[in-house]
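Text of target-v4.txt (compact mmCIF, C-alpha atoms) as supplied:
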```txt
# COMPACT_ATOMS: atom_id res chain seq x y z
CA MET A 111 0.00 0.00 0.00
CA ALA A 112 2.82 2.41 0.79
CA GLU A 113 4.23 2.15 -2.73
CA LYS A 114 4.57 5.51 -4.42
CA LYS A 115 3.74 6.01 -8.03
CA THR A 116 3.46 9.39 -9.62
CA LEU A 117 2.49 8.44 -13.11
CA GLN A 118 0.46 11.38 -14.09
CA LYS A 119 2.95 14.13 -13.60
CA ARG A 120 6.46 14.78 -14.71
CA LYS A 121 8.90 16.83 -12.72
CA THR A 122 10.56 19.80 -14.36
CA GLU A 123 13.88 19.41 -12.60
CA GLN A 124 15.45 17.47 -15.43
CA VAL A 125 14.43 20.17 -17.88
CA GLU A 126 15.21 23.32 -15.96
CA LYS A 127 18.68 24.81 -15.98
CA VAL A 128 18.02 27.42 -13.35
CA GLU A 129 17.54 26.28 -9.77
CA ARG A 130 14.69 27.47 -7.65
CA THR A 131 15.00 29.14 -4.29
CA HIS A 132 12.33 27.15 -2.50
CA ASP A 133 12.55 23.42 -2.21
CA ARG A 134 9.34 22.11 -3.66
CA ASN A 135 8.14 19.78 -6.38
CA VAL A 136 7.56 21.49 -9.69
CA PHE A 137 5.49 19.72 -12.30
CA ILE A 138 4.91 20.26 -15.99
CA PRO A 139 1.18 20.72 -16.45
CA VAL A 140 -0.68 18.72 -19.07
CA VAL A 141 -1.64 21.17 -21.81
CA ASP A 142 -4.00 21.33 -24.79
CA ILE A 143 -3.40 24.04 -27.38
CA TYR A 144 -6.01 25.21 -29.88
CA GLU A 145 -5.90 27.82 -32.60
CA THR A 146 -8.80 29.63 -34.21
CA ASN A 147 -8.72 32.39 -36.79
CA ASP A 148 -8.57 35.04 -34.09
CA GLU A 149 -6.70 33.52 -31.18
CA ILE A 150 -4.48 30.84 -29.71
CA ILE A 151 -5.99 29.09 -26.71
CA LEU A 152 -3.98 27.22 -24.14
CA VAL A 153 -5.68 24.94 -21.62
CA ALA A 154 -3.48 23.72 -18.77
CA GLU A 155 -4.40 21.26 -16.01
CA MET A 156 -3.14 22.71 -12.75
CA PRO A 157 -5.13 21.14 -9.91
CA GLY A 158 -4.80 22.49 -6.39
CA VAL A 159 -3.21 25.79 -7.36
CA ASP A 160 -3.86 29.03 -5.48
CA GLU A 161 -5.72 31.34 -7.90
CA LYS A 162 -3.81 34.39 -6.68
CA SER A 163 -0.44 32.81 -7.35
CA ILE A 164 -1.06 32.16 -11.02
CA ASP A 165 1.33 34.04 -13.24
CA VAL A 166 1.13 34.28 -17.02
CA THR A 167 3.89 36.15 -18.87
CA LEU A 168 4.73 36.66 -22.52
CA ASP A 169 8.29 37.79 -22.99
CA ASN A 170 10.15 37.69 -26.30
CA ASP A 171 7.69 35.22 -27.79
CA ILE A 172 8.05 32.91 -24.79
CA LEU A 173 4.82 32.32 -22.92
CA THR A 174 5.30 31.08 -19.36
CA ILE A 175 2.58 29.87 -17.04
CA ARG A 176 3.22 29.34 -13.33
CA GLY A 177 1.09 28.44 -10.36
CA ARG A 178 1.85 27.64 -6.74
CA ALA A 179 -0.01 24.80 -5.08
CA ILE A 180 -1.83 25.09 -1.79
CA ASP A 181 -0.29 22.28 0.21
CA GLU A 182 -2.69 21.68 3.07
CA LYS A 183 -2.05 18.42 4.84
CA PRO A 184 -5.22 17.20 6.54
CA GLU A 185 -4.75 17.62 10.26
CA GLY A 186 -4.68 14.50 12.41
CA TYR A 187 -4.46 12.15 9.44
CA GLU A 188 -1.64 9.97 8.26
CA LEU A 189 -0.92 9.43 4.57
CA VAL A 190 -1.08 5.67 3.98
CA TYR A 191 -1.29 5.44 0.20
CA SER A 192 -0.11 7.94 -2.37
CA GLU A 193 -0.35 8.15 -6.14
CA TYR A 194 0.31 11.83 -6.58
CA GLU A 195 2.34 14.54 -4.94
CA VAL A 196 1.33 18.13 -4.43
CA GLY A 197 3.53 20.68 -6.15
CA ASP A 198 3.78 23.82 -8.20
CA PHE A 199 3.28 23.93 -11.94
CA GLU A 200 5.42 25.63 -14.52
CA ARG A 201 5.78 25.44 -18.29
CA SER A 202 6.95 27.62 -21.17
CA PHE A 203 6.06 27.73 -24.85
CA SER A 204 7.44 29.65 -27.78
CA ILE A 205 4.69 31.47 -29.63
CA ASN A 206 5.34 32.14 -33.30
CA GLU A 207 2.25 34.21 -34.04
CA SER A 208 2.24 37.91 -33.23
CA ILE A 209 0.01 38.39 -30.22
CA ASP A 210 -1.88 41.42 -28.95
CA VAL A 211 -0.26 41.45 -25.51
CA ASP A 212 -2.76 43.86 -23.95
CA LYS A 213 -5.69 41.62 -24.73
CA ILE A 214 -4.40 38.35 -23.30
CA GLU A 215 -7.02 36.78 -21.04
CA ALA A 216 -6.44 34.13 -18.38
CA GLN A 217 -9.04 32.30 -16.31
CA TYR A 218 -8.74 29.58 -13.65
CA HIS A 219 -11.69 27.26 -13.07
CA ASN A 220 -11.97 23.76 -11.58
CA GLY A 221 -8.20 23.36 -11.56
CA VAL A 222 -7.79 24.32 -15.20
CA LEU A 223 -6.05 27.45 -16.47
CA THR A 224 -7.28 28.77 -19.81
CA VAL A 225 -5.18 31.44 -21.53
CA LYS A 226 -6.51 33.20 -24.62
CA LEU A 227 -3.93 34.93 -26.79
CA PRO A 228 -5.58 37.12 -29.45
CA LYS A 229 -3.64 37.40 -32.69
CA THR A 230 -2.84 40.85 -34.00
CA GLU A 231 -4.22 41.90 -37.38
CA PRO A 232 -2.06 40.26 -39.98
CA ALA A 233 0.02 42.70 -41.98
CA LYS A 234 -1.58 43.34 -45.31
CA ALA A 235 -0.13 41.26 -48.02
CA LYS A 236 2.03 43.43 -50.17
CA LYS A 237 1.92 42.82 -53.82
CA ILE A 238 5.25 42.89 -55.48
CA GLU A 239 5.30 43.53 -59.12
CA VAL A 240 7.68 41.58 -61.17
CA LYS A 241 9.24 43.55 -63.87
CA ILE A 242 9.78 41.79 -67.07
CA LYS A 243 12.45 43.03 -69.30
CA MET B 1334 -3.15 -31.13 -1.70
CA TYR B 1335 -3.88 -29.04 -4.75
CA LEU B 1336 -5.46 -26.27 -2.72
CA SER B 1337 -2.33 -25.52 -0.76
CA ARG B 1338 -0.38 -24.76 -3.93
CA ILE B 1339 -1.99 -21.40 -4.61
CA TRP B 1340 -0.13 -20.00 -1.64
CA GLN B 1341 3.18 -21.06 -3.01
CA PHE B 1342 5.48 -19.04 -5.23
CA ASP B 1343 4.14 -18.90 -8.77
CA PRO B 1344 6.82 -18.02 -11.36
CA TRP B 1345 4.23 -17.02 -13.96
CA ARG B 1346 2.52 -14.62 -11.67
CA GLU B 1347 5.91 -13.19 -10.80
CA LEU B 1348 6.63 -12.67 -14.52
CA ASP B 1349 3.32 -10.85 -14.92
CA ARG B 1350 4.26 -8.62 -12.06
CA ILE B 1351 7.63 -7.79 -13.62
CA HIS B 1352 5.90 -7.08 -16.92
CA ASP B 1353 3.54 -4.62 -15.23
CA GLU B 1354 6.44 -3.01 -13.45
CA MET B 1355 8.30 -2.50 -16.74
CA ASN B 1356 5.26 -0.95 -18.36
CA ARG B 1357 4.94 1.41 -15.49
CA LEU B 1358 8.59 2.37 -15.72
CA PHE B 1359 8.33 3.27 -19.39
CA SER B 1360 5.08 5.14 -19.09
CA ASN B 1361 6.77 7.21 -16.41
CA THR B 1362 9.68 8.29 -18.59
CA LEU B 1363 7.33 9.35 -21.35
CA GLY B 1364 5.51 11.45 -18.80
CA ARG B 1365 2.19 10.77 -20.42
CA ASN B 1366 -1.20 10.56 -18.88
CA VAL B 1367 -1.32 6.78 -19.04
CA ALA B 1368 -2.05 5.87 -15.46
CA SER B 1369 -3.73 2.50 -15.33
CA SER B 1370 -6.24 3.90 -12.94
CA TYR B 1371 -7.55 7.43 -13.21
CA PRO B 1372 -7.70 9.65 -11.24
CA ALA B 1373 -4.59 9.63 -9.08
CA ILE B 1374 -5.60 9.37 -5.45
CA ASN B 1375 -4.09 9.77 -2.00
CA ILE B 1376 -5.53 8.04 1.05
CA TRP B 1377 -5.18 9.53 4.52
CA VAL B 1378 -6.24 7.61 7.61
CA ASN B 1379 -6.74 8.07 11.35
CA ASN B 1380 -8.64 6.12 14.01
CA ASP B 1381 -11.94 7.81 13.23
CA GLY B 1382 -11.95 7.47 9.49
CA ALA B 1383 -10.31 7.99 6.15
CA LEU B 1384 -9.86 10.84 3.73
CA VAL B 1385 -9.51 10.27 0.00
CA THR B 1386 -8.26 13.04 -2.26
CA ALA B 1387 -8.21 12.92 -6.05
CA GLU B 1388 -6.94 15.32 -8.69
CA LEU B 1389 -9.74 15.93 -11.19
CA PRO B 1390 -8.94 19.07 -13.15
CA GLY B 1391 -11.54 20.12 -15.68
CA PHE B 1392 -14.33 18.09 -14.12
CA ASP B 1393 -17.45 19.76 -12.84
CA VAL B 1394 -19.04 18.92 -9.47
CA LYS B 1395 -22.33 18.05 -11.12
CA ASP B 1396 -20.65 15.47 -13.35
CA LEU B 1397 -19.03 13.63 -10.46
CA ASP B 1398 -20.79 10.70 -8.87
CA ILE B 1399 -19.64 9.28 -5.54
CA THR B 1400 -21.08 6.16 -3.93
CA VAL B 1401 -20.09 4.26 -0.81
CA LEU B 1402 -20.95 0.73 0.21
CA ASN B 1403 -19.37 -0.68 3.38
CA ASP B 1404 -15.65 -0.36 2.74
CA GLU B 1405 -15.84 0.37 -0.97
CA LEU B 1406 -15.78 3.83 -2.47
CA ARG B 1407 -16.72 4.37 -6.10
CA ILE B 1408 -16.05 7.58 -8.02
CA LYS B 1409 -17.40 8.18 -11.50
CA GLY B 1410 -17.08 11.24 -13.67
CA THR B 1411 -17.21 12.71 -17.13
CA ARG B 1412 -15.91 15.94 -18.59
CA LYS B 1413 -16.27 17.71 -21.90
CA LYS B 1414 -13.48 19.29 -23.86
CA PRO B 1415 -14.09 23.01 -24.34
CA ASP B 1416 -15.68 23.98 -27.63
CA PHE B 1417 -13.96 26.80 -29.50
CA GLY B 1418 -16.06 26.75 -32.63
CA LYS B 1419 -15.82 25.22 -36.03
CA ASP B 1420 -12.63 26.64 -37.43
CA VAL B 1421 -10.51 25.40 -34.51
CA GLN B 1422 -7.21 23.64 -35.12
CA ILE B 1423 -5.75 21.41 -32.44
CA HIS B 1424 -1.99 21.85 -32.00
CA ARG B 1425 -1.46 19.83 -28.89
CA LEU B 1426 -3.73 17.46 -27.02
CA GLU B 1427 -2.21 16.00 -23.89
CA SER B 1428 -5.24 15.77 -21.64
CA GLY B 1429 -6.47 12.24 -22.09
CA VAL B 1430 -9.24 11.08 -19.84
CA ASP B 1431 -12.78 12.22 -20.53
CA SER B 1432 -14.61 9.70 -18.40
CA PHE B 1433 -13.56 7.35 -15.66
CA GLN B 1434 -14.83 5.00 -13.01
CA ARG B 1435 -12.70 3.91 -10.12
CA THR B 1436 -13.41 1.72 -7.13
CA ILE B 1437 -11.28 2.14 -4.04
CA GLN B 1438 -11.01 -0.38 -1.25
CA LEU B 1439 -10.94 1.45 2.07
CA PRO B 1440 -9.20 0.25 5.19
CA TYR B 1441 -12.46 0.51 7.20
CA ALA B 1442 -16.19 0.07 6.79
CA VAL B 1443 -17.70 3.52 6.47
CA GLU B 1444 -20.71 5.32 7.98
CA SER B 1445 -22.26 6.06 4.60
CA ASP B 1446 -24.73 8.70 5.88
CA LYS B 1447 -21.88 10.82 7.19
CA VAL B 1448 -19.69 10.83 4.11
CA GLU B 1449 -18.85 14.34 2.94
CA ALA B 1450 -17.25 15.48 -0.29
CA LYS B 1451 -15.87 18.79 -1.40
CA PHE B 1452 -14.46 19.88 -4.73
CA GLU B 1453 -12.08 22.80 -4.85
CA ARG B 1454 -9.61 23.89 -7.53
CA GLY B 1455 -9.96 20.60 -9.33
CA VAL B 1456 -9.21 18.55 -6.23
CA LEU B 1457 -11.86 16.25 -4.78
CA THR B 1458 -11.71 15.56 -1.04
CA ILE B 1459 -13.96 12.87 0.43
CA THR B 1460 -14.24 12.48 4.20
CA LEU B 1461 -15.26 8.95 5.19
CA PRO B 1462 -16.00 8.44 8.90
CA ARG B 1463 -15.41 4.95 10.17
CA ALA B 1464 -18.50 2.93 11.01
CA GLU B 1465 -19.17 2.77 14.74
CA ALA B 1466 -19.47 -1.02 14.59
CA ASP B 1467 -16.09 -1.27 12.92
CA LYS B 1468 -14.19 0.78 15.50
CA PRO B 1469 -11.80 -1.11 17.73
CA ARG B 1470 -13.13 -1.78 21.19
CA LYS B 1471 -10.97 -1.79 24.24
CA ILE B 1472 -11.38 -4.98 26.16
CA GLN B 1473 -11.10 -4.85 29.87
CA VAL B 1474 -9.11 -7.70 31.32
CA SER B 1475 -10.50 -8.74 34.65
CA THR B 1476 -8.15 -10.04 37.26
CA LYS B 1477 -9.16 -12.16 40.13
```

Represent the supplied structure as structure tokens.
Amino acid sequence: MAEKKTLQKRKTEQVEKVERTHDRNVFIPVVDIYETNDEIILVAEMPGVDEKSIDVTLDNDILTIRGRAIDEKPEGYELVYSEYEVGDFERSFSINESIDVDKIEAQYHNGVLTVKLPKTEPAKAKKIEVKIK
Amino acid sequence: MYLSRIWQFDPWRELDRIHDEMNRLFSNTLGRNVASSYPAINIWVNNDGALVTAELPGFDVKDLDITVLNDELRIKGTRKKPDFGKDVQIHRLESGVDSFQRTIQLPYAVESDKVEAKFERGVLTITLPRAEADKPRKIQVSTK
């Protein structure tokens, strides 16, 4: 019963080059990414995260999402069987589209973070005339 | 004579176990959502009962179904992927499970009327008080 298996999450430690100041598990959230004509939508599973701690940044085409978990151990109970660990979530993506930074929307509901990144108006296609000699 | 053999070491069963273990090892390195049983749970226990927590991001309270019978807890649930219209392109789809059913064997029989569940931030917490009849009783030893 005491066997530990954390199948559903992967730790970021192997990926990250920079070390963190607080000693805590950091997991890579499971993410779905959609694109419509107007926006890119990112849906990340981040259960148990404190809404106020969620941080979404877009810097030099790198979108980073972060969230700190609320680690409340039930008082007076002993953990006898464990399949998951509580930890923070962090993941970065490179975004190739040009995004309207001021209109980025993020929402956290039922443990899922949804980030909507509206695309900027595409530059008008410029017609280049080919001169024929 | 035959009956006693099931308690002995069975090499085939042992091979099965190793096979499962290997599968688990590889699924772990790929980091994919391939847990044999969804959702991942933790079980906490004290003398008065048990507490089961499960990570269920993206599920809605109204689509979760919890039933208890004696020492067996059953959780069922379904979730829908968000709909972003017709012209949507999917670039990445890592979230796997859309419906699940899991039965958990508890260490105690449970007072089913007093079971409480709460769902916050995608984490389900079920409080399962131990049945009065199942609690250990202290036995007085009389001395003459």

Nearest-residue call for chain B, choices A:Val225, A:Asp169, A:Asp210, A:Ala154, using all atoms listed in the file = A:Ala154

Write down, as a PyMOL selection string, each residue of chain A that has any atom within 9 Å of an atom of chain B, counting all atoms listed in the file.
-> chain A and resi 115-121+140-147+151+154-161+184+186-195+218-222

For Ser1445 of chain B, which residue among B:Glu1354, B:Asp1349, B:Asp1404, B:Asp1396 is the nearest when counting only C-alpha atoms?
-> B:Asp1404

Shell of 8 Å around segment 175-178 of chain A, all atoms listed in the file, local chain residues under 3 positions omitted, as a ChimeraX atom specification = /A:156,159-161,163-167,197-202

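One finds atom CA of Leu227 of chain A at 8.2 Å from atom CA of Leu152 of chain A.
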
With only C-alpha atoms as the basis for distance, which of A:Glu149, A:Asp181, A:Leu168, A:Ile138 is at the shortest distance from Glu231 of chain A?
->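 Selected residue with least distance to Glu231 of chain A: A:Glu149.
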
Using atom CA of Leu1406 of chain B and atom CA of Ala1442 of chain B as the two end points, give the distance in Å to one decimal.
->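 These atoms are spaced 10.0 Å apart.
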
Kindly give the distance, in Å, that separates atom CA of Ala216 of chain A and atom CA of Ala179 of chain A, rounded to a single decimal.
->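 Interatomic distance here is 17.5 Å.
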
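Closest approach to Ser1432 of chain B from the set B:Lys1468, B:Lys1409, B:Lys1451, B:Lys1395 is made by B:Lys1409, with distances taken over only C-alpha atoms.
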
Pick from A:Arg130, A:Lys229, A:Lys183, A:Lys237: nearest to Asn206 of chain A, with all atoms listed in the file counted?
-> A:Lys229
